[in-house]
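Below is data.pdb, which holds PDB, C-alpha atoms, pLDDT in the B column.
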ATOM      1  CA  MET A   1      97.707 137.927  72.419  1.00 64.00           C
ATOM      2  CA  ASN A   2     100.636 139.781  70.863  1.00 70.00           C
ATOM      3  CA  ASN A   3      98.700 143.042  71.159  1.00 84.00           C
ATOM      4  CA  ILE A   4      98.061 142.632  74.892  1.00 91.00           C
ATOM      5  CA  PRO A   5     100.579 144.460  77.147  1.00 94.00           C
ATOM      6  CA  THR A   6     103.066 142.241  79.003  1.00 95.00           C
ATOM      7  CA  VAL A   7     101.723 142.400  82.564  1.00 96.00           C
ATOM      8  CA  THR A   8      98.084 142.080  81.523  1.00 97.00           C
ATOM      9  CA  LYS A   9      98.919 139.114  79.320  1.00 96.00           C
ATOM     10  CA  ASN A  10     100.860 137.358  82.068  1.00 96.00           C
ATOM     11  CA  LEU A  11      98.101 137.973  84.619  1.00 97.00           C
ATOM     12  CA  LEU A  12      95.632 136.348  82.233  1.00 97.00           C
ATOM     13  CA  ILE A  13      97.931 133.373  81.659  1.00 96.00           C
ATOM     14  CA  ILE A  14      98.733 132.847  85.349  1.00 96.00           C
ATOM     15  CA  ASN A  15      95.102 133.009  86.427  1.00 97.00           C
ATOM     16  CA  VAL A  16      93.962 130.597  83.713  1.00 97.00           C
ATOM     17  CA  LEU A  17      96.799 128.169  84.498  1.00 96.00           C
ATOM     18  CA  MET A  18      95.981 128.313  88.209  1.00 96.00           C
ATOM     19  CA  PHE A  19      92.330 127.610  87.455  1.00 96.00           C
ATOM     20  CA  LEU A  20      93.245 124.621  85.294  1.00 96.00           C
ATOM     21  CA  GLY A  21      95.675 123.490  87.982  1.00 95.00           C
ATOM     22  CA  THR A  22      92.837 123.630  90.514  1.00 95.00           C
ATOM     23  CA  LEU A  23      90.740 121.314  88.340  1.00 95.00           C
ATOM     24  CA  VAL A  24      93.607 118.858  87.937  1.00 95.00           C
ATOM     25  CA  ALA A  25      94.327 118.925  91.682  1.00 94.00           C
ATOM     26  CA  GLU A  26      90.654 118.257  92.439  1.00 92.00           C
ATOM     27  CA  SER A  27      90.807 115.072  90.375  1.00 92.00           C
ATOM     28  CA  TYR A  28      93.501 113.871  92.784  1.00 92.00           C
ATOM     29  CA  GLY A  29      91.526 114.892  95.857  1.00 90.00           C
ATOM     30  CA  ILE A  30      93.589 118.026  96.529  1.00 91.00           C
ATOM     31  CA  ASP A  31      91.759 121.266  97.336  1.00 89.00           C
ATOM     32  CA  LEU A  32      94.108 124.041  96.220  1.00 90.00           C
ATOM     33  CA  ALA A  33      91.600 126.698  97.250  1.00 87.00           C
ATOM     34  CA  ASP A  34      91.930 125.415 100.795  1.00 87.00           C
ATOM     35  CA  TYR A  35      95.711 125.823 100.718  1.00 91.00           C
ATOM     36  CA  LEU A  36      95.967 129.017  98.669  1.00 95.00           C
ATOM     37  CA  GLY A  37      92.669 130.776  99.458  1.00 94.00           C
ATOM     38  CA  LEU A  38      92.634 133.496 102.109  1.00 95.00           C
ATOM     39  CA  HIS A  39      91.592 132.219 105.547  1.00 93.00           C
ATOM     40  CA  PHE A  40      90.791 134.288 108.603  1.00 92.00           C
ATOM     41  CA  VAL A  41      93.886 135.202 110.576  1.00 92.00           C
ATOM     42  CA  LEU A  42      92.769 133.199 113.637  1.00 88.00           C
ATOM     43  CA  SER A  43      92.258 130.036 111.610  1.00 87.00           C
ATOM     44  CA  ASP A  44      94.898 127.321 111.882  1.00 84.00           C
ATOM     45  CA  ARG A  45      94.960 127.283 108.074  1.00 86.00           C
ATOM     46  CA  PHE A  46      95.936 130.937 107.671  1.00 92.00           C
ATOM     47  CA  ASN A  47      99.340 132.050 106.443  1.00 93.00           C
ATOM     48  CA  VAL A  48     100.502 135.468 105.280  1.00 96.00           C
ATOM     49  CA  GLY A  49     101.276 134.258 101.766  1.00 96.00           C
ATOM     50  CA  GLN A  50      97.563 133.725 101.194  1.00 96.00           C
ATOM     51  CA  LEU A  51      97.155 137.514 100.874  1.00 96.00           C
ATOM     52  CA  ILE A  52      98.847 137.054  97.484  1.00 96.00           C
ATOM     53  CA  THR A  53      97.904 133.533  96.418  1.00 96.00           C
ATOM     54  CA  TYR A  54      94.156 134.026  96.957  1.00 96.00           C
ATOM     55  CA  MET A  55      94.111 136.494  94.052  1.00 96.00           C
ATOM     56  CA  PHE A  56      95.028 133.753  91.603  1.00 96.00           C
ATOM     57  CA  MET A  57      92.407 131.221  92.742  1.00 95.00           C
ATOM     58  CA  HIS A  58      88.834 131.133  91.457  1.00 94.00           C
ATOM     59  CA  ALA A  59      85.677 129.289  92.437  1.00 90.00           C
ATOM     60  CA  GLY A  60      84.520 128.315  88.965  1.00 91.00           C
ATOM     61  CA  PHE A  61      84.648 129.004  85.232  1.00 94.00           C
ATOM     62  CA  THR A  62      82.329 132.029  85.262  1.00 94.00           C
ATOM     63  CA  HIS A  63      84.260 133.505  88.202  1.00 94.00           C
ATOM     64  CA  VAL A  64      87.610 133.368  86.417  1.00 96.00           C
ATOM     65  CA  PHE A  65      86.113 134.254  83.013  1.00 96.00           C
ATOM     66  CA  PHE A  66      84.448 137.509  84.048  1.00 94.00           C
ATOM     67  CA  ASN A  67      87.390 138.584  86.216  1.00 95.00           C
ATOM     68  CA  MET A  68      89.860 137.984  83.398  1.00 96.00           C
ATOM     69  CA  PHE A  69      87.542 139.627  80.877  1.00 95.00           C
ATOM     70  CA  ALA A  70      87.649 142.783  83.003  1.00 94.00           C
ATOM     71  CA  VAL A  71      91.441 142.547  83.342  1.00 96.00           C
ATOM     72  CA  TRP A  72      91.724 142.265  79.563  1.00 95.00           C
ATOM     73  CA  MET A  73      89.230 145.034  78.801  1.00 93.00           C
ATOM     74  CA  PHE A  74      90.327 147.644  81.342  1.00 95.00           C
ATOM     75  CA  GLY A  75      93.684 146.451  82.668  1.00 95.00           C
ATOM     76  CA  ARG A  76      95.450 146.685  79.322  1.00 95.00           C
ATOM     77  CA  ILE A  77      94.373 150.325  79.036  1.00 95.00           C
ATOM     78  CA  LEU A  78      95.759 151.164  82.478  1.00 96.00           C
ATOM     79  CA  GLU A  79      99.002 149.366  81.651  1.00 97.00           C
ATOM     80  CA  GLN A  80      99.351 151.330  78.403  1.00 95.00           C
ATOM     81  CA  VAL A  81      98.892 154.586  80.329  1.00 94.00           C
ATOM     82  CA  TRP A  82     100.929 153.788  83.441  1.00 95.00           C
ATOM     83  CA  GLY A  83     103.478 151.348  82.113  1.00 95.00           C
ATOM     84  CA  PRO A  84     104.018 147.740  83.282  1.00 95.00           C
ATOM     85  CA  LYS A  85     105.745 148.404  86.621  1.00 95.00           C
ATOM     86  CA  ARG A  86     103.181 150.858  87.919  1.00 96.00           C
ATOM     87  CA  PHE A  87     100.261 148.774  86.706  1.00 97.00           C
ATOM     88  CA  LEU A  88     101.629 145.603  88.339  1.00 97.00           C
ATOM     89  CA  ALA A  89     102.241 147.480  91.596  1.00 96.00           C
ATOM     90  CA  TYR A  90      98.681 148.835  91.461  1.00 97.00           C
ATOM     91  CA  TYR A  91      97.189 145.395  90.818  1.00 97.00           C
ATOM     92  CA  MET A  92      99.125 143.662  93.578  1.00 97.00           C
ATOM     93  CA  ILE A  93      98.781 146.397  96.218  1.00 97.00           C
ATOM     94  CA  CYS A  94      95.043 146.705  95.640  1.00 97.00           C
ATOM     95  CA  GLY A  95      94.598 142.937  95.671  1.00 97.00           C
ATOM     96  CA  ILE A  96      96.463 142.668  98.972  1.00 97.00           C
ATOM     97  CA  GLY A  97      94.518 145.654 100.303  1.00 97.00           C
ATOM     98  CA  ALA A  98      91.248 143.958  99.378  1.00 96.00           C
ATOM     99  CA  GLY A  99      92.384 140.909 101.333  1.00 96.00           C
ATOM    100  CA  LEU A 100      93.208 143.037 104.369  1.00 96.00           C
ATOM    101  CA  ILE A 101      89.778 144.671 104.284  1.00 96.00           C
ATOM    102  CA  GLN A 102      88.195 141.237 104.028  1.00 94.00           C
ATOM    103  CA  GLU A 103      90.194 140.133 107.077  1.00 95.00           C
ATOM    104  CA  ALA A 104      89.034 143.202 109.005  1.00 95.00           C
ATOM    105  CA  VAL A 105      85.364 142.606 108.139  1.00 93.00           C
ATOM    106  CA  THR A 106      85.713 138.933 109.042  1.00 92.00           C
ATOM    107  CA  ALA A 107      87.244 139.951 112.376  1.00 92.00           C
ATOM    108  CA  VAL A 108      84.188 142.105 113.138  1.00 91.00           C
ATOM    109  CA  ARG A 109      81.918 139.176 112.324  1.00 89.00           C
ATOM    110  CA  TYR A 110      84.042 136.807 114.407  1.00 87.00           C
ATOM    111  CA  PHE A 111      84.089 138.948 117.553  1.00 89.00           C
ATOM    112  CA  THR A 112      80.394 139.784 117.188  1.00 88.00           C
ATOM    113  CA  ILE A 113      79.495 136.096 117.116  1.00 85.00           C
ATOM    114  CA  GLU A 114      82.006 135.210 119.828  1.00 82.00           C
ATOM    115  CA  SER A 115      80.627 137.837 122.210  1.00 85.00           C
ATOM    116  CA  GLY A 116      77.388 135.886 122.550  1.00 81.00           C
ATOM    117  CA  MET A 117      78.997 132.476 123.113  1.00 80.00           C
ATOM    118  CA  SER A 118      80.305 130.685 126.157  1.00 80.00           C
ATOM    119  CA  PRO A 119      84.043 129.903 126.419  1.00 84.00           C
ATOM    120  CA  GLU A 120      83.195 126.190 126.245  1.00 79.00           C
ATOM    121  CA  ALA A 121      81.312 126.579 122.969  1.00 78.00           C
ATOM    122  CA  ILE A 122      84.143 128.611 121.447  1.00 79.00           C
ATOM    123  CA  GLN A 123      86.657 125.976 122.507  1.00 81.00           C
ATOM    124  CA  ALA A 124      84.506 123.253 120.973  1.00 76.00           C
ATOM    125  CA  VAL A 125      84.507 125.054 117.619  1.00 78.00           C
ATOM    126  CA  PHE A 126      88.291 125.389 117.666  1.00 77.00           C
ATOM    127  CA  GLU A 127      88.692 121.726 118.604  1.00 72.00           C
ATOM    128  CA  GLN A 128      86.522 120.589 115.706  1.00 71.00           C
ATOM    129  CA  GLY A 129      88.317 123.004 113.389  1.00 63.00           C
ATOM    130  CA  SER A 130      88.186 122.482 109.648  1.00 57.00           C
ATOM    131  CA  LYS A 131      87.099 118.849 110.051  1.00 60.00           C
ATOM    132  CA  ALA A 132      83.580 119.995 110.915  1.00 55.00           C
ATOM    133  CA  LEU A 133      83.291 122.107 107.774  1.00 55.00           C
ATOM    134  CA  GLN A 134      84.813 119.450 105.498  1.00 53.00           C
ATOM    135  CA  SER A 135      82.489 116.744 106.834  1.00 50.00           C
ATOM    136  CA  ASN A 136      79.419 119.029 106.683  1.00 49.00           C
ATOM    137  CA  MET A 137      78.984 118.621 110.425  1.00 55.00           C
ATOM    138  CA  ASN A 138      75.985 120.496 111.805  1.00 57.00           C
ATOM    139  CA  PHE A 139      76.460 122.255 115.131  1.00 62.00           C
ATOM    140  CA  VAL A 140      73.334 122.290 117.288  1.00 58.00           C
ATOM    141  CA  ASP A 141      74.103 125.869 118.293  1.00 70.00           C
ATOM    142  CA  PRO A 142      73.684 128.217 115.267  1.00 77.00           C
ATOM    143  CA  ALA A 143      76.341 130.535 116.729  1.00 79.00           C
ATOM    144  CA  MET A 144      78.838 127.656 116.774  1.00 78.00           C
ATOM    145  CA  ALA A 145      78.029 126.864 113.149  1.00 77.00           C
ATOM    146  CA  SER A 146      78.492 130.531 112.179  1.00 80.00           C
ATOM    147  CA  LEU A 147      81.791 130.791 114.050  1.00 81.00           C
ATOM    148  CA  ASN A 148      83.037 127.592 112.438  1.00 80.00           C
ATOM    149  CA  LEU A 149      82.157 128.974 109.006  1.00 81.00           C
ATOM    150  CA  VAL A 150      84.006 132.218 109.716  1.00 83.00           C
ATOM    151  CA  LEU A 151      87.084 130.377 110.927  1.00 82.00           C
ATOM    152  CA  ASN A 152      87.316 127.768 108.203  1.00 79.00           C
ATOM    153  CA  SER A 153      85.969 129.337 105.004  1.00 84.00           C
ATOM    154  CA  SER A 154      88.354 130.882 102.492  1.00 89.00           C
ATOM    155  CA  THR A 155      88.192 133.841 100.119  1.00 92.00           C
ATOM    156  CA  VAL A 156      89.339 133.354  96.528  1.00 95.00           C
ATOM    157  CA  GLY A 157      89.424 135.461  93.392  1.00 94.00           C
ATOM    158  CA  ALA A 158      90.986 138.467  91.714  1.00 95.00           C
ATOM    159  CA  SER A 159      87.829 140.544  92.148  1.00 94.00           C
ATOM    160  CA  GLY A 160      89.389 142.978  94.635  1.00 95.00           C
ATOM    161  CA  ALA A 161      92.120 143.850  92.150  1.00 96.00           C
ATOM    162  CA  VAL A 162      89.579 143.877  89.317  1.00 96.00           C
ATOM    163  CA  TYR A 163      87.378 146.404  91.106  1.00 96.00           C
ATOM    164  CA  ALA A 164      90.485 148.521  91.631  1.00 97.00           C
ATOM    165  CA  ILE A 165      91.083 148.360  87.871  1.00 97.00           C
ATOM    166  CA  LEU A 166      87.513 149.544  87.245  1.00 95.00           C
ATOM    167  CA  LEU A 167      88.071 152.375  89.724  1.00 96.00           C
ATOM    168  CA  GLY A 168      91.326 153.288  88.000  1.00 96.00           C
ATOM    169  CA  PHE A 169      89.678 153.396  84.582  1.00 95.00           C
ATOM    170  CA  GLY A 170      86.884 155.571  85.949  1.00 94.00           C
ATOM    171  CA  MET A 171      89.360 158.017  87.488  1.00 94.00           C
ATOM    172  CA  LEU A 172      91.599 158.215  84.424  1.00 94.00           C
ATOM    173  CA  PHE A 173      88.778 158.416  81.893  1.00 93.00           C
ATOM    174  CA  PRO A 174      85.770 159.679  83.897  1.00 91.00           C
ATOM    175  CA  ASN A 175      83.814 160.952  80.897  1.00 92.00           C
ATOM    176  CA  GLN A 176      84.402 157.960  78.621  1.00 90.00           C
ATOM    177  CA  PRO A 177      80.955 156.749  77.462  1.00 89.00           C
ATOM    178  CA  MET A 178      80.235 153.082  78.159  1.00 85.00           C
ATOM    179  CA  PHE A 179      77.413 150.828  77.027  1.00 82.00           C
ATOM    180  CA  ILE A 180      76.268 148.639  79.909  1.00 79.00           C
ATOM    181  CA  PHE A 181      73.721 145.873  79.365  1.00 71.00           C
ATOM    182  CA  PRO A 182      70.739 146.195  79.667  1.00 74.00           C
ATOM    183  CA  LEU A 183      70.787 150.018  79.587  1.00 74.00           C
ATOM    184  CA  PRO A 184      69.801 151.275  76.109  1.00 80.00           C
ATOM    185  CA  PHE A 185      71.997 154.360  76.411  1.00 84.00           C
ATOM    186  CA  PRO A 186      75.665 155.025  77.256  1.00 86.00           C
ATOM    187  CA  ILE A 187      76.761 156.237  80.674  1.00 88.00           C
ATOM    188  CA  LYS A 188      80.002 157.920  81.664  1.00 91.00           C
ATOM    189  CA  ALA A 189      82.697 155.739  83.211  1.00 90.00           C
ATOM    190  CA  LYS A 190      82.623 157.673  86.497  1.00 91.00           C
ATOM    191  CA  TYR A 191      78.922 156.889  86.984  1.00 91.00           C
ATOM    192  CA  PHE A 192      79.533 153.266  86.050  1.00 89.00           C
ATOM    193  CA  VAL A 193      82.174 152.986  88.792  1.00 91.00           C
ATOM    194  CA  MET A 194      80.030 154.836  91.347  1.00 92.00           C
ATOM    195  CA  GLY A 195      77.122 152.531  90.579  1.00 90.00           C
ATOM    196  CA  TYR A 196      79.211 149.418  91.116  1.00 86.00           C
ATOM    197  CA  ALA A 197      80.571 150.793  94.389  1.00 91.00           C
ATOM    198  CA  LEU A 198      77.073 151.543  95.696  1.00 92.00           C
ATOM    199  CA  ILE A 199      75.830 148.089  94.704  1.00 89.00           C
ATOM    200  CA  GLU A 200      78.723 146.433  96.529  1.00 89.00           C
ATOM    201  CA  LEU A 201      78.198 148.599  99.620  1.00 90.00           C
ATOM    202  CA  TYR A 202      74.488 147.803  99.729  1.00 89.00           C
ATOM    203  CA  SER A 203      75.087 144.090  99.156  1.00 88.00           C
ATOM    204  CA  GLY A 204      77.766 143.976 101.844  1.00 86.00           C
ATOM    205  CA  LEU A 205      75.597 145.708 104.425  1.00 86.00           C
ATOM    206  CA  ALA A 206      72.554 143.607 103.514  1.00 83.00           C
ATOM    207  CA  ASN A 207      74.522 140.422 104.282  1.00 73.00           C
ATOM    208  CA  SER A 208      71.822 138.287 102.670  1.00 71.00           C
ATOM    209  CA  ALA A 209      71.573 134.622 103.588  1.00 62.00           C
ATOM    210  CA  GLY A 210      73.387 132.447 101.074  1.00 67.00           C
ATOM    211  CA  ASP A 211      75.393 135.360  99.650  1.00 68.00           C
ATOM    212  CA  ASN A 212      78.971 134.098  99.529  1.00 76.00           C
ATOM    213  CA  VAL A 213      80.403 137.078  97.627  1.00 84.00           C
ATOM    214  CA  ALA A 214      83.129 139.066  99.411  1.00 87.00           C
ATOM    215  CA  HIS A 215      81.553 142.466  98.749  1.00 89.00           C
ATOM    216  CA  PHE A 216      83.789 144.310 101.208  1.00 90.00           C
ATOM    217  CA  ALA A 217      86.873 142.862  99.531  1.00 93.00           C
ATOM    218  CA  HIS A 218      85.640 144.447  96.286  1.00 93.00           C
ATOM    219  CA  LEU A 219      85.185 147.760  98.080  1.00 94.00           C
ATOM    220  CA  GLY A 220      88.597 147.306  99.708  1.00 95.00           C
ATOM    221  CA  GLY A 221      90.228 147.023  96.294  1.00 95.00           C
ATOM    222  CA  MET A 222      88.518 150.239  95.213  1.00 96.00           C
ATOM    223  CA  ILE A 223      89.531 152.048  98.419  1.00 96.00           C
ATOM    224  CA  PHE A 224      93.181 151.090  98.052  1.00 97.00           C
ATOM    225  CA  GLY A 225      93.025 151.961  94.347  1.00 96.00           C
ATOM    226  CA  PHE A 226      91.644 155.410  95.107  1.00 96.00           C
ATOM    227  CA  LEU A 227      94.289 156.100  97.763  1.00 96.00           C
ATOM    228  CA  LEU A 228      97.098 154.907  95.502  1.00 96.00           C
ATOM    229  CA  ILE A 229      95.952 156.963  92.519  1.00 95.00           C
ATOM    230  CA  MET A 230      95.553 160.061  94.666  1.00 94.00           C
ATOM    231  CA  TYR A 231      99.048 159.508  96.055  1.00 93.00           C
ATOM    232  CA  TRP A 232     100.490 159.192  92.549  1.00 92.00           C
ATOM    233  CA  ARG A 233      98.438 162.144  91.326  1.00 87.00           C
ATOM    234  CA  ASN A 234      99.810 164.406  94.060  1.00 87.00           C
ATOM    235  CA  LYS A 235     103.338 163.089  93.625  1.00 81.00           C
ATOM    236  CA  ASN A 236     103.429 163.206  89.850  1.00 72.00           C
ATOM    237  CA  ARG A 237     101.142 166.134  89.101  1.00 66.00           C
ATOM    238  CA  GLY A 238     101.580 167.336  85.550  1.00 50.00           C
ATOM    239  CA  ASN A 239     103.536 164.317  84.275  1.00 51.00           C
ATOM    240  CA  GLY A 240     100.876 163.203  81.785  1.00 48.00           C
ATOM    241  CA  TYR A 241      99.619 160.148  83.617  1.00 47.00           C
ATOM    242  CA  TYR A 242      96.088 161.377  84.201  1.00 43.00           C
ATOM    243  CA  TYR A 243      93.451 162.199  81.653  1.00 41.00           C
ATOM    244  CA  ASN A 244      89.868 163.453  81.714  1.00 36.00           C
TER     245      ASN A 244
END

Rewrite the structure from the file as structure tokens, please.
Amino acid sequence: MNNIPTVTKNLLIINVLMFLGTLVAESYGIDLADYLGLHFVLSDRFNVGQLITYMFMHAGFTHVFFNMFAVWMFGRILEQVWGPKRFLAYYMICGIGAGLIQEAVTAVRYFTIESGMSPEAIQAVFEQGSKALQSNMNFVDPAMASLNLVLNSSTVGASGAVYAILLGFGMLFPNQPMFIFPLPFPIKAKYFVMGYALIELYSGLANSAGDNVAHFAHLGGMIFGFLLIMYWRNKNRGNGYYYN
């Protein structure tokens, strides 16, 4: 741990502590993900602070493990290149940006569903609110069930910021060879990042039944990461921050 840069180390510690805190809270009947996860802006459970807190909540051990593994593997390299302040700003801005993209995509889903519903049905969903979701209540109208899910589900995880870290590594070290299981040969970091982006785009557009992964939040983190790096690159051209 002593060899891990300060910000990376503290991000690892905070995320692990929050995950453990979630488990302890669950034993007392408290759902921290419900309070700190990112809800849709029209939900009565939404607050602006969730754009930050959702990044430090995770849905399970594998979720937090693989996110933090990526932060450790790639984040420490970015922090060593950029320094702690710039790396922390990058992580937080991209994480918030991922949340904003997720809100925008959810808004499209919400208004698409709402457009085919009667005002009475919409009002019924709002009146039931989160109680319907918590009690596993089944709406007779599938559109009502979908709208209720949109309104009362939450997004959790650092994946948006993590995908921004992957994007950052690919832009700073585009030709760095990487071994990716199960490929028997190395690929360059830039192709690794492009591949992940295409997979997330396809998965998001496919919108498969039962897929509860926020693919557009991942893409949102990468988009904000790209814009931020390009801004820094133009502003600080020639200062030694960027490598090929």

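Distance annotation: of A:Ala98, A:Met73, A:Ile93, A:Ile113, the residue with the minimal separation from A:His215 is A:Ala98; atom set is only C-alpha atoms.
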
Notebook entry, point to check: What lies within 12 Å of stretch 87-91 of chain A using only C-alpha atoms, ignoring chain neighbours under 6 positions off, as a VMD selection string?
Noted result: chain A and resid 5 to 11 52 55 to 56 71 74 to 81 97 to 98 158 to 169 221 to 229 231 to 232 241

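Comparing A:Met57, A:Leu20, A:Arg109, A:Gly116 by their smallest distance to A:Asn207, the closest is A:Arg109 (using only C-alpha atoms).
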
The residue from A:Gly95, A:Gly157, A:Met144, A:Phe65 with the smallest atom-to-atom distance to A:Gly37, counting all atoms listed in the file, is A:Gly157

Of A:Tyr191, A:Phe126, A:Tyr202, A:Phe19, the one nearest to A:Leu36 when counting only C-alpha atoms is A:Phe19

What separates atom CA of A:Ile4 and atom CA of A:Gln176 is a distance of 20.9 Å

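Taking only C-alpha atoms into account, A:Thr106 lies nearest to A:Thr155 out of the set A:Thr155, A:Val24, A:Tyr54, A:Pro186.
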
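Shell of A:Ser154 at 8 Å, with all atoms listed in the file counted and residues fewer than 4 places along the chain excluded, is Ala33, Asp34, Gly37, Leu38, His39 and Phe40 of chain A.
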
Here atom CA of A:Leu219 and atom CA of A:Ala197 stand apart by 6.6 Å

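Across the model, the gap from atom CA of A:Phe216 to atom CA of A:Gly204 is 6.1 Å.
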
So what does the PyMOL selection byres ((chain A and resi 150) around 8) actually pick up in this one, as a PDB file with C-alpha atoms, in the frame of the given file?
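Result file result.pdb:
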ATOM      1  CA  PHE A  40      90.791 134.288 108.603  1.00 92.00           C
ATOM      2  CA  THR A 106      85.713 138.933 109.042  1.00 92.00           C
ATOM      3  CA  ARG A 109      81.918 139.176 112.324  1.00 89.00           C
ATOM      4  CA  TYR A 110      84.042 136.807 114.407  1.00 87.00           C
ATOM      5  CA  SER A 146      78.492 130.531 112.179  1.00 80.00           C
ATOM      6  CA  LEU A 147      81.791 130.791 114.050  1.00 81.00           C
ATOM      7  CA  ASN A 148      83.037 127.592 112.438  1.00 80.00           C
ATOM      8  CA  LEU A 149      82.157 128.974 109.006  1.00 81.00           C
ATOM      9  CA  LEU A 151      87.084 130.377 110.927  1.00 82.00           C
ATOM     10  CA  ASN A 152      87.316 127.768 108.203  1.00 79.00           C
ATOM     11  CA  SER A 153      85.969 129.337 105.004  1.00 84.00           C
TER      12      SER A 153
END
